[in-house]
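Below you'll find the structure, written out as C-alpha coordinates, and then a few comments.
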Amino acid sequence: MHEHAGSSGRIHVNASKAGLEGMIRGLAIELAPHNITANCIAPGSIDTVRGASAGGPHGRGMSREIPAGRQGRPEEIAAMVRFLVGPEGRYVTGQTIHVNGGLFLGK
(Lines give C-alpha, C1' and ligand atoms only; values in the text may rest on other atoms or scores of the structure.)
Protein backbone atom coordinates (compact mmCIF):
# COMPACT_ATOMS: atom_id res chain seq x y z
CA MET A 1 0.00 0.00 0.00
CA HIS A 2 2.70 2.53 0.93
CA GLU A 3 5.60 1.33 -1.19
CA HIS A 4 7.74 4.38 -0.47
CA ALA A 5 7.43 3.65 3.23
CA GLY A 6 7.98 -0.09 2.68
CA SER A 7 5.37 -2.81 2.75
CA SER A 8 5.23 -6.53 3.30
CA GLY A 9 4.67 -8.82 0.34
CA ARG A 10 5.63 -6.15 -2.19
CA ILE A 11 9.40 -6.29 -2.04
CA HIS A 12 9.63 -6.17 -5.84
CA VAL A 13 7.73 -2.87 -5.86
CA ASN A 14 9.81 -1.44 -3.00
CA ALA A 15 13.03 -2.35 -4.82
CA SER A 16 11.94 -0.98 -8.18
CA LYS A 17 10.87 2.37 -6.69
CA ALA A 18 14.15 2.69 -4.81
CA GLY A 19 16.04 1.90 -8.02
CA LEU A 20 14.12 4.54 -9.98
CA GLU A 21 14.79 7.16 -7.33
CA GLY A 22 18.51 6.36 -7.38
CA MET A 23 18.57 6.52 -11.16
CA ILE A 24 16.85 9.93 -11.11
CA ARG A 25 19.40 11.32 -8.64
CA GLY A 26 22.27 10.05 -10.80
CA LEU A 27 20.72 11.45 -13.97
CA ALA A 28 20.16 14.80 -12.26
CA ILE A 29 23.85 15.05 -11.38
CA GLU A 30 25.01 14.00 -14.85
CA LEU A 31 22.58 16.20 -16.76
CA ALA A 32 22.64 19.37 -14.63
CA PRO A 33 25.68 20.84 -16.45
CA HIS A 34 23.59 20.69 -19.65
CA ASN A 35 20.63 22.52 -18.04
CA ILE A 36 18.55 19.34 -18.08
CA THR A 37 16.54 18.37 -15.02
CA ALA A 38 15.48 14.88 -13.92
CA ASN A 39 12.73 14.31 -11.37
CA CYS A 40 10.34 11.58 -10.32
CA ILE A 41 6.65 12.02 -9.54
CA ALA A 42 5.21 9.50 -7.08
CA PRO A 43 1.41 9.64 -7.37
CA GLY A 44 -0.70 8.55 -4.45
CA SER A 45 -4.13 7.02 -4.84
CA ILE A 46 -5.53 8.51 -8.05
CA ASP A 47 -9.17 8.22 -9.10
CA THR A 48 -8.84 6.29 -12.36
CA VAL A 49 -10.42 3.23 -13.92
CA ARG A 50 -7.25 1.25 -13.07
CA GLY A 51 -7.37 2.46 -9.47
CA ALA A 52 -11.00 1.47 -9.07
CA SER A 53 -10.33 -2.02 -10.45
CA ALA A 54 -7.27 -2.62 -8.25
CA GLY A 55 -9.36 -3.63 -5.24
CA GLY A 56 -7.77 -4.10 -1.85
CA PRO A 57 -6.67 -1.00 0.06
CA HIS A 58 -6.56 1.13 -3.09
CA GLY A 59 -9.52 2.93 -4.52
CA ARG A 60 -12.26 4.90 -2.81
CA GLY A 61 -12.01 3.06 0.52
CA MET A 62 -8.51 4.42 0.99
CA SER A 63 -9.72 8.05 1.01
CA ARG A 64 -10.21 8.04 4.79
CA GLU A 65 -6.46 7.43 5.24
CA ILE A 66 -5.58 10.46 3.11
CA PRO A 67 -5.44 13.75 5.05
CA ALA A 68 -6.97 15.55 2.03
CA GLY A 69 -9.95 13.19 2.43
CA ARG A 70 -10.11 12.13 -1.21
CA GLN A 71 -8.25 10.47 -4.04
CA GLY A 72 -6.25 12.60 -6.40
CA ARG A 73 -7.31 13.39 -9.94
CA PRO A 74 -5.22 12.67 -13.05
CA GLU A 75 -5.13 16.39 -13.88
CA GLU A 76 -3.41 17.05 -10.54
CA ILE A 77 -0.57 14.76 -11.58
CA ALA A 78 -0.50 16.46 -14.99
CA ALA A 79 -0.22 19.86 -13.25
CA MET A 80 2.91 18.69 -11.41
CA VAL A 81 4.41 17.45 -14.69
CA ARG A 82 3.63 20.84 -16.28
CA PHE A 83 5.32 22.63 -13.39
CA LEU A 84 8.45 20.48 -13.57
CA VAL A 85 8.90 20.77 -17.34
CA GLY A 86 8.03 24.47 -17.44
CA PRO A 87 10.25 27.46 -16.61
CA GLU A 88 9.12 27.45 -12.96
CA GLY A 89 10.65 24.00 -12.45
CA ARG A 90 14.05 24.63 -13.98
CA TYR A 91 15.81 24.73 -10.57
CA VAL A 92 14.17 21.52 -9.31
CA THR A 93 16.22 18.43 -10.05
CA GLY A 94 16.97 15.04 -8.50
CA GLN A 95 13.73 15.05 -6.52
CA THR A 96 10.96 12.57 -5.91
CA ILE A 97 7.77 14.56 -5.52
CA HIS A 98 4.92 12.80 -3.76
CA VAL A 99 1.53 13.96 -5.01
CA ASN A 100 -0.62 12.09 -2.51
CA GLY A 101 -2.88 14.41 -0.56
CA GLY A 102 -0.61 14.21 2.49
CA LEU A 103 -0.76 10.41 2.81
CA PHE A 104 2.73 10.14 4.32
CA LEU A 105 2.30 12.90 6.90
CA GLY A 106 3.03 11.60 10.34
CA LYS A 107 3.97 8.11 9.12
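Going through the C-alpha coordinates in order, the chains are called A, B, and so on, while each chain numbers its residues from 1 and the ligands are numbered from 1 in the order shown.
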| query | Among region 41-101 of chain A, which residues carry a DSSP assignment of strand (DSSP E or B), reported as a PyMOL selection string? | reply | chain A and resi 41-43+46+72+96-99
| note | Nearest to Ala28 (chain A), restricted to only C-alpha atoms and choosing among A:Leu84, A:Ile46, A:Val92, A:Ala15, comes out as A:Val92
If you run DSSP over the backbone, which residues in chain A end up alpha helix (DSSP H)? Put them as an mmCIF file with N, CA, C and O atoms, in the first residue's frame.
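Below is the file part.cif, written as the result:
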```cif
data_model
loop_
_atom_site.group_PDB
_atom_site.id
_atom_site.type_symbol
_atom_site.label_atom_id
_atom_site.label_comp_id
_atom_site.auth_asym_id
_atom_site.auth_seq_id
_atom_site.Cartn_x
_atom_site.Cartn_y
_atom_site.Cartn_z
ATOM 1 N N ILE A 11 7.978 -6.605 -1.995
ATOM 2 C CA ILE A 11 9.402 -6.295 -2.035
ATOM 3 C C ILE A 11 9.833 -5.884 -3.435
ATOM 4 O O ILE A 11 10.642 -4.977 -3.605
ATOM 5 N N HIS A 12 9.282 -6.519 -4.455
ATOM 6 C CA HIS A 12 9.632 -6.173 -5.836
ATOM 7 C C HIS A 12 9.257 -4.723 -6.157
ATOM 8 O O HIS A 12 9.993 -4.029 -6.857
ATOM 9 N N VAL A 13 8.152 -4.252 -5.623
ATOM 10 C CA VAL A 13 7.733 -2.868 -5.859
ATOM 11 C C VAL A 13 8.636 -1.918 -5.081
ATOM 12 O O VAL A 13 9.090 -0.892 -5.602
ATOM 13 N N ASN A 14 8.914 -2.258 -3.816
ATOM 14 C CA ASN A 14 9.812 -1.435 -3.000
ATOM 15 C C ASN A 14 11.170 -1.276 -3.683
ATOM 16 O O ASN A 14 11.714 -0.171 -3.765
ATOM 17 N N ALA A 15 11.718 -2.378 -4.179
ATOM 18 C CA ALA A 15 13.034 -2.352 -4.819
ATOM 19 C C ALA A 15 13.023 -1.544 -6.112
ATOM 20 O O ALA A 15 13.941 -0.766 -6.382
ATOM 21 N N SER A 16 11.980 -1.708 -6.906
ATOM 22 C CA SER A 16 11.937 -0.976 -8.183
ATOM 23 C C SER A 16 11.807 0.523 -7.952
ATOM 24 O O SER A 16 12.439 1.318 -8.653
ATOM 25 N N LYS A 17 11.016 0.934 -6.966
ATOM 26 C CA LYS A 17 10.870 2.367 -6.692
ATOM 27 C C LYS A 17 12.180 2.948 -6.171
ATOM 28 O O LYS A 17 12.567 4.057 -6.556
ATOM 29 N N ALA A 18 12.862 2.220 -5.315
ATOM 30 C CA ALA A 18 14.152 2.690 -4.811
ATOM 31 C C ALA A 18 15.155 2.809 -5.951
ATOM 32 O O ALA A 18 15.936 3.769 -6.010
ATOM 33 N N GLY A 19 15.144 1.850 -6.876
ATOM 34 C CA GLY A 19 16.041 1.903 -8.024
ATOM 35 C C GLY A 19 15.757 3.095 -8.921
ATOM 36 O O GLY A 19 16.678 3.772 -9.389
ATOM 37 N N LEU A 20 14.478 3.378 -9.164
ATOM 38 C CA LEU A 20 14.118 4.543 -9.982
ATOM 39 C C LEU A 20 14.568 5.843 -9.328
ATOM 40 O O LEU A 20 15.091 6.739 -10.000
ATOM 41 N N GLU A 21 14.381 5.946 -8.026
ATOM 42 C CA GLU A 21 14.794 7.164 -7.333
ATOM 43 C C GLU A 21 16.305 7.347 -7.391
ATOM 44 O O GLU A 21 16.790 8.457 -7.601
ATOM 45 N N GLY A 22 17.057 6.274 -7.249
ATOM 46 C CA GLY A 22 18.509 6.356 -7.378
ATOM 47 C C GLY A 22 18.934 6.743 -8.782
ATOM 48 O O GLY A 22 19.851 7.548 -8.973
ATOM 49 N N MET A 23 18.266 6.184 -9.768
ATOM 50 C CA MET A 23 18.570 6.520 -11.156
ATOM 51 C C MET A 23 18.295 8.003 -11.422
ATOM 52 O O MET A 23 19.105 8.683 -12.071
ATOM 53 N N ILE A 24 17.195 8.523 -10.910
ATOM 54 C CA ILE A 24 16.854 9.929 -11.110
ATOM 55 C C ILE A 24 17.907 10.839 -10.485
ATOM 56 O O ILE A 24 18.321 11.840 -11.084
ATOM 57 N N ARG A 25 18.361 10.503 -9.281
ATOM 58 C CA ARG A 25 19.400 11.323 -8.636
ATOM 59 C C ARG A 25 20.685 11.309 -9.464
ATOM 60 O O ARG A 25 21.321 12.340 -9.661
ATOM 61 N N GLY A 26 21.076 10.143 -9.966
ATOM 62 C CA GLY A 26 22.271 10.054 -10.799
ATOM 63 C C GLY A 26 22.126 10.831 -12.097
ATOM 64 O O GLY A 26 23.041 11.558 -12.510
ATOM 65 N N LEU A 27 20.973 10.693 -12.742
ATOM 66 C CA LEU A 27 20.723 11.453 -13.973
ATOM 67 C C LEU A 27 20.757 12.955 -13.708
ATOM 68 O O LEU A 27 21.291 13.723 -14.517
ATOM 69 N N ALA A 28 20.175 13.368 -12.591
ATOM 70 C CA ALA A 28 20.157 14.797 -12.257
ATOM 71 C C ALA A 28 21.576 15.346 -12.157
ATOM 72 O O ALA A 28 21.865 16.434 -12.675
ATOM 73 N N ILE A 29 22.460 14.603 -11.525
ATOM 74 C CA ILE A 29 23.851 15.047 -11.382
ATOM 75 C C ILE A 29 24.544 15.096 -12.741
ATOM 76 O O ILE A 29 25.225 16.064 -13.070
ATOM 77 N N GLU A 30 24.356 14.055 -13.545
ATOM 78 C CA GLU A 30 25.015 14.004 -14.851
ATOM 79 C C GLU A 30 24.482 15.033 -15.841
ATOM 80 O O GLU A 30 25.235 15.562 -16.666
ATOM 81 N N LEU A 31 23.191 15.336 -15.765
ATOM 82 C CA LEU A 31 22.577 16.204 -16.761
ATOM 83 C C LEU A 31 22.531 17.681 -16.369
ATOM 84 O O LEU A 31 22.334 18.540 -17.233
ATOM 85 N N VAL A 49 -9.802 4.540 -13.696
ATOM 86 C CA VAL A 49 -10.421 3.228 -13.921
ATOM 87 C C VAL A 49 -9.515 2.146 -13.354
ATOM 88 O O VAL A 49 -9.964 1.226 -12.694
ATOM 89 N N ARG A 50 -8.205 2.250 -13.588
ATOM 90 C CA ARG A 50 -7.253 1.249 -13.072
ATOM 91 C C ARG A 50 -7.292 1.219 -11.553
ATOM 92 O O ARG A 50 -7.340 0.171 -10.940
ATOM 93 N N GLY A 51 -7.321 2.394 -10.929
ATOM 94 C CA GLY A 51 -7.372 2.459 -9.472
ATOM 95 C C GLY A 51 -8.616 1.812 -8.910
ATOM 96 O O GLY A 51 -8.579 1.079 -7.921
ATOM 97 N N ALA A 52 -9.744 2.040 -9.537
ATOM 98 C CA ALA A 52 -11.003 1.467 -9.073
ATOM 99 C C ALA A 52 -11.018 -0.046 -9.218
ATOM 100 O O ALA A 52 -11.625 -0.749 -8.417
ATOM 101 N N SER A 53 -10.320 -0.568 -10.216
ATOM 102 C CA SER A 53 -10.332 -2.016 -10.448
ATOM 103 C C SER A 53 -9.267 -2.742 -9.635
ATOM 104 O O SER A 53 -9.253 -3.958 -9.591
ATOM 105 N N PRO A 74 -6.307 12.719 -12.063
ATOM 106 C CA PRO A 74 -5.224 12.672 -13.051
ATOM 107 C C PRO A 74 -4.697 14.060 -13.423
ATOM 108 O O PRO A 74 -3.494 14.249 -13.599
ATOM 109 N N GLU A 75 -5.582 15.048 -13.500
ATOM 110 C CA GLU A 75 -5.133 16.391 -13.876
ATOM 111 C C GLU A 75 -4.242 17.022 -12.811
ATOM 112 O O GLU A 75 -3.460 17.922 -13.116
ATOM 113 N N GLU A 76 -4.316 16.534 -11.571
ATOM 114 C CA GLU A 76 -3.415 17.045 -10.536
ATOM 115 C C GLU A 76 -1.999 16.509 -10.732
ATOM 116 O O GLU A 76 -1.018 17.213 -10.471
ATOM 117 N N ILE A 77 -1.885 15.299 -11.224
ATOM 118 C CA ILE A 77 -0.571 14.760 -11.575
ATOM 119 C C ILE A 77 -0.038 15.505 -12.793
ATOM 120 O O ILE A 77 1.133 15.905 -12.844
ATOM 121 N N ALA A 78 -0.899 15.728 -13.785
ATOM 122 C CA ALA A 78 -0.497 16.465 -14.985
ATOM 123 C C ALA A 78 -0.013 17.867 -14.640
ATOM 124 O O ALA A 78 0.950 18.366 -15.235
ATOM 125 N N ALA A 79 -0.641 18.511 -13.656
ATOM 126 C CA ALA A 79 -0.225 19.858 -13.251
ATOM 127 C C ALA A 79 1.195 19.841 -12.679
ATOM 128 O O ALA A 79 1.990 20.761 -12.927
ATOM 129 N N MET A 80 1.546 18.791 -11.945
ATOM 130 C CA MET A 80 2.909 18.693 -11.414
ATOM 131 C C MET A 80 3.901 18.479 -12.544
ATOM 132 O O MET A 80 4.994 19.056 -12.546
ATOM 133 N N VAL A 81 3.538 17.655 -13.519
ATOM 134 C CA VAL A 81 4.405 17.451 -14.690
ATOM 135 C C VAL A 81 4.620 18.781 -15.404
ATOM 136 O O VAL A 81 5.752 19.152 -15.732
ATOM 137 N N ARG A 82 3.525 19.528 -15.625
ATOM 138 C CA ARG A 82 3.632 20.837 -16.285
ATOM 139 C C ARG A 82 4.559 21.771 -15.524
ATOM 140 O O ARG A 82 5.370 22.472 -16.110
ATOM 141 N N PHE A 83 4.444 21.781 -14.201
ATOM 142 C CA PHE A 83 5.320 22.626 -13.389
ATOM 143 C C PHE A 83 6.782 22.238 -13.594
ATOM 144 O O PHE A 83 7.638 23.087 -13.831
ATOM 145 N N LEU A 84 7.061 20.945 -13.492
ATOM 146 C CA LEU A 84 8.446 20.483 -13.568
ATOM 147 C C LEU A 84 9.080 20.714 -14.938
ATOM 148 O O LEU A 84 10.278 20.987 -15.020
ATOM 149 N N VAL A 85 8.316 20.590 -16.005
ATOM 150 C CA VAL A 85 8.897 20.772 -17.338
ATOM 151 C C VAL A 85 8.844 22.224 -17.808
ATOM 152 O O VAL A 85 9.461 22.565 -18.815
#
```
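The residue that comes closest to Arg70 (chain A), out of A:Glu88, A:Thr48, A:Asn100, A:Gly94 and on the basis of only C-alpha atoms, is A:Asn100.
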| said: Between CA of Pro43 (chain A) and CA of Leu103 (chain A), what distance in Å does the model show, to one decimal? | reply: 10.4 Å
| Hey, what's within 6 Å of Thr93 (chain A) if we count only C-alpha atoms and toss same-chain stuff fewer than 5 positions away? As a list in words, please? | Ala28, Thr37, Ala38 and Asn39 of chain A
Polymer residues at most 9 Å from Pro67 (chain A), only C-alpha atoms, same-chain spacing of 6 or more positions, as a PDB file with N, CA and C atoms, in the first residue's frame:
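The resulting file, part.pdb, is shown below:
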```pdb
ATOM      1  N   GLY A 101      -1.900  13.879  -1.493  1.00  0.00           N
ATOM      2  CA  GLY A 101      -2.884  14.411  -0.556  1.00  0.00           C
ATOM      3  C   GLY A 101      -2.447  14.361   0.891  1.00  0.00           C
ATOM      4  N   GLY A 102      -1.136  14.241   1.134  1.00  0.00           N
ATOM      5  CA  GLY A 102      -0.607  14.208   2.492  1.00  0.00           C
ATOM      6  C   GLY A 102      -0.563  12.829   3.107  1.00  0.00           C
ATOM      7  N   LEU A 103      -0.673  11.779   2.297  1.00  0.00           N
ATOM      8  CA  LEU A 103      -0.763  10.411   2.812  1.00  0.00           C
ATOM      9  C   LEU A 103       0.379  10.031   3.744  1.00  0.00           C
ATOM     10  N   PHE A 104       1.585  10.536   3.505  1.00  0.00           N
ATOM     11  CA  PHE A 104       2.727  10.136   4.322  1.00  0.00           C
ATOM     12  C   PHE A 104       2.935  11.015   5.540  1.00  0.00           C
ATOM     13  N   LEU A 105       2.122  12.028   5.754  1.00  0.00           N
ATOM     14  CA  LEU A 105       2.303  12.904   6.902  1.00  0.00           C
ATOM     15  C   LEU A 105       2.149  12.123   8.187  1.00  0.00           C
TER      16      LEU A 105
END
```
